[in-house]
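Okay, structure first, notes after.
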Amino acid sequence: MLCLYNTLTRQQEQFAPGRDRTVRMYACGPTVYARAHIGNFRTFICVDVLSRTLKHLCGFDLHDVVNYTDVDDKTIDGAVKAKQELRDYTGQWIQAFRDDADQLGVEMPRETPRATDEPNLRAMSDMILALEKNGHTYRRDGSIYFKISTLPSYGRLVRLDPDAIKTGADNDDEYSKDDARDFVLWKATRPGEPTWDYGTGPGRPGWHIECSAMALRLLGESPIDIHAGGIDLIFPHHENEIAQAEGATKAPFARFWVHVEHLFVENQKMSKSLGNVYTLPDIVAKGYRPSALRYLLLSSNYRSKLNFTWAGMDQAEESLRRIVDFIARLETVTAEGGVSDVEAIVARVRDSFAAAMHDDLNTSAALAAIFDLVSKVNVAIDAKTVTRADAALAATALADFDQVLGVIALRRAEDAQPPIPVEEIERLIGERKAARGRRDFAAADQIRVGLADRGILLEDGPSGTRWKKK
């Protein structure tokens with residue numbers, strides 16, 4: 001059974017959906033004022049693996065939501081500077097996020113709402129009005145605030161006494177509040193800013209109300225099964241989400257809270273001043289492939305801090321090459337009879353992989369299980385004891401594992417789109433073969449080197465010449 005660490009209880013617990021076989025999961029998505037960086041994508045890739053584990057390993061149905069925060073101070077300022085309408089400005093960053101996510105093998109969730117979608121804005125207004133009815137709000141200068149002192153349970157996610165919390169602000173210091181701990185639900189209209197009014201008065205939503213309202217609108221009544229996000233969101237964002245949802249509904253908001261740890265770059269926090277805030281295009285420009293980045297971001301358990309290094313990217317590239325080369329080797333096995341222990345090896349590795357993923361998504365142990373399979377079956381192939389049926393068994397196991405990790409198929413899809421048209425590669429391989437046939441080894445070697453310089457490696461084997469990307 002799947003066990004997940006629950007931030008709310010600070011312990012690992014067995015997970016199953018609260019109602020029927022459908023897991024209802026919400027994860028905080030990007031604020032779309034710039035391209036998401038690799039630290040953001042560590043969270044989204046880990047959430048993707050959680051989703052895949054729930055579906056493919058546990059056999060649950062999944063109703064998942066990842067939102068786009070497309071209205072806040074940063075998106076508004078960006079749209080003003082770009083002289084664009086807010087939806088147009090944020091739309092380009094949503095598309096950039098989708099493009100990068102696709103290249104990284106992130107499966108899009110069922111729902112990807114924008115905060116400024118009308119049904120979501122109405123849901124936010126309805127939640128604020130419910131909070132007002134339940135005595136959790138006050139109004140000041142056209143804005144509406146959540147009064148933390150009205151909710152004794154506030155602070156239990158972050159494990160802080162409400163009296164010890166100094167501020168619940170999120171760029172709200174310019175707004176007057178009764179208490180520094182209180183936070184804004186609805187911001188009064190300012191000149192030049194977008195504004196809406198669905199019963200709360202003219203204004204725009206605060207950051208926190210967006211997620212609470214969208215989660216319950218799209219996933220149904222409380223409690224949802226899982227709420228996920230980066231560890232930096234525990235306070236104040238997720239704490240405030242709980243306060244809003246529970247203050248409005250008088251019911252628990254989420255059963256499990258799953259948080260992904262920070263990504264460091266060369267042992268330093270990412271910061272613009274250090275010039276180490278990398279995006280996926282930055283990684284690709286360095287000559288690495290998205291699959292290698294996905295592999296690196298999965299190489300450590302999601303609750304452990306992970307250090308990004310270029311040496312680590314090199315190791316990720318080599319690890320993926322080893323797996324893909326192994327798959328290609330399996331395809332060369334043609335023996336029909338014989339005795340081997342491949343079936344037993346595959347069974348043990350399947351058990352090890354499942355145990356690792358059920359243990360709070362231990363991806364590092366799951367990858368170790370895959371390499372155990374690669375190593376042991378390679379030895380058996382060397383000993384010529386592997387049959388075609390054995391090879392198919394091992395290949396099927398890898399495909400099943402990759403439904404969860406999503407990295408092997410990504411690498412093979414990249415390999416299928418080389419930097420040179422496939423027709424040209426095949427033509428040059430034919431010319432090289434002809435040159436070797438007439439013993440013009442200099443010409444054959446020139447073709448091989450020329451392809452290598454263009455990012456294509458040739459490998460000669462008993463069944464002929466195969467090519468692969470560097």
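Scheme for the structure tokens: letters A, B, ... for chains in order shown; per-chain residue numbers from 1; ligand numbers from 1 in order shown.
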Query raised in the report: So which residues touch Ala443 of chain A within 10 Å, counting only C-alpha atoms, skipping near sequence neighbours fewer than 6 positions away, as a PyMOL selection string?
Result: chain A and resi 431-432+434-436+449
Query raised in the report: Which is closer to Ser291 of chain A than all the others in A:Glu318, A:Asp400, A:Asp64, A:Glu261, using only C-alpha atoms?
Result: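 For Ser291 of chain A, the nearest of the candidates is A:Glu318.
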**Report entry** Near-Phe371 of chain A list (9 Å; only C-alpha atoms; drop same-chain fewer than 6 positions) as a PyMOL selection string
**Finding:** chain A and resi 319+322-323
Query - From A:Ala380, A:Ala399, A:Val265, A:Ala248, residue lying nearest Ser212 of chain A [only C-alpha atoms] - result: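 When distances to Ser212 of chain A are compared using only C-alpha atoms, the smallest one comes from A:Ala248.
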Requested in this report: Would you mind reading off the distance between atom CA of Ala34 of chain A and atom CA of Glu85 of chain A, one decimal, in Å?
Outcome: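 So the answer is 15.4 Å.
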Report task. Using only C-alpha atoms, pick whichever of A:Leu86, A:Leu320, A:Val260, A:Ala16 has the shortest atom-to-atom distance to Leu306 of chain A. Result -> A:Val260
Report task. Pull the helix (DSSP H, G or I) assignments for segment 214-330 of chain A out of DSSP run on the backbone, and list those residues as a VMD selection string. Result -> chain A and resid 214 to 219 231 to 249 272 to 274 280 to 285 290 to 298 310 to 330
Query raised in the report: Hey, what's within 7 Å of Tyr26 of chain A if we count only C-alpha atoms and toss same-chain stuff fewer than 6 positions away? As a ChimeraX atom specification, please?
Result: /A:64-66,215,226-228
Query - Contacts of segment 456-469 of chain A at 7 Å (only C-alpha atoms; same-chain gap of 6+ positions) as a list in words - result: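 Listed by chain and then number, they are Asp415, Pro418 and Arg448 of chain A.
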Atoms kept (C-alpha atoms) for selection, written as a compact mmCIF listing (two decimals), in the first residue's frame:
```txt
# COMPACT_ATOMS: atom_id res chain seq x y z
CA ASP A 415 16.16 9.85 -29.96
CA PRO A 418 17.57 13.56 -34.26
CA ARG A 448 31.26 8.36 -39.02
```
Query raised in the report: So, counting only C-alpha atoms, which residue among A:Arg427, A:Lys147, A:Lys376, A:His259 is closest to Arg181 of chain A?
Result: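 Answer, going by the shortest atom-to-atom distance: A:Lys147.
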Query raised in the report: In Å to one decimal, how far is atom CA of Val377 of chain A from atom CA of Asp351 of chain A?
Result: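 Distance reported for this atom pair: 16.3 Å.
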Report task. Skip Leu8 of chain A itself and residues of its chain fewer than 3 positions away, then list as a list in words all residues within 7 Å of it, counting only C-alpha atoms. Result -> Leu157, Phe256 and Trp257 of chain A
Write a file of the just-selected residues containing C-alpha atoms, as a PDB file, in the first residue's frame.
```pdb
ATOM      1  CA  LEU A 157       0.093  23.088   9.272  1.00  0.00           C
ATOM      2  CA  PHE A 256      -2.905  14.811   2.995  1.00  0.00           C
ATOM      3  CA  TRP A 257      -0.429  17.636   2.401  1.00  0.00           C
TER       4      TRP A 257
END
```
Requested in this report: Can you work out the spacing between atom CA of Gln14 of chain A and atom CA of Gly406 of chain A in Å, to one decimal?
Outcome: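 Pair atom CA of Gln14 of chain A / atom CA of Gly406 of chain A returns 24.0 Å.
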Requested in this report: Skip Ile38 of chain A itself and residues of its chain fewer than 3 positions away, then list as a count of residues only all residues within 12 Å of it, counting only C-alpha atoms.
Outcome: 33
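Across A:Thr396, A:Asp163, A:Ile242, A:Leu57, the tightest approach to Phe146 of chain A is made by A:Ile242 when counting only C-alpha atoms.
Of the residues under consideration (A:Val106, A:Val333, A:Val184, A:Val339), A:Val106 shows the shortest atom-to-atom contact distance to Ala409 of chain A when counting only C-alpha atoms.
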Report task. From segment 49-86 of chain A, collect each residue whose DSSP state is strand (DSSP E or B) and return the set as a VMD selection string. Result -> chain A and resid 61 to 66 68 to 69
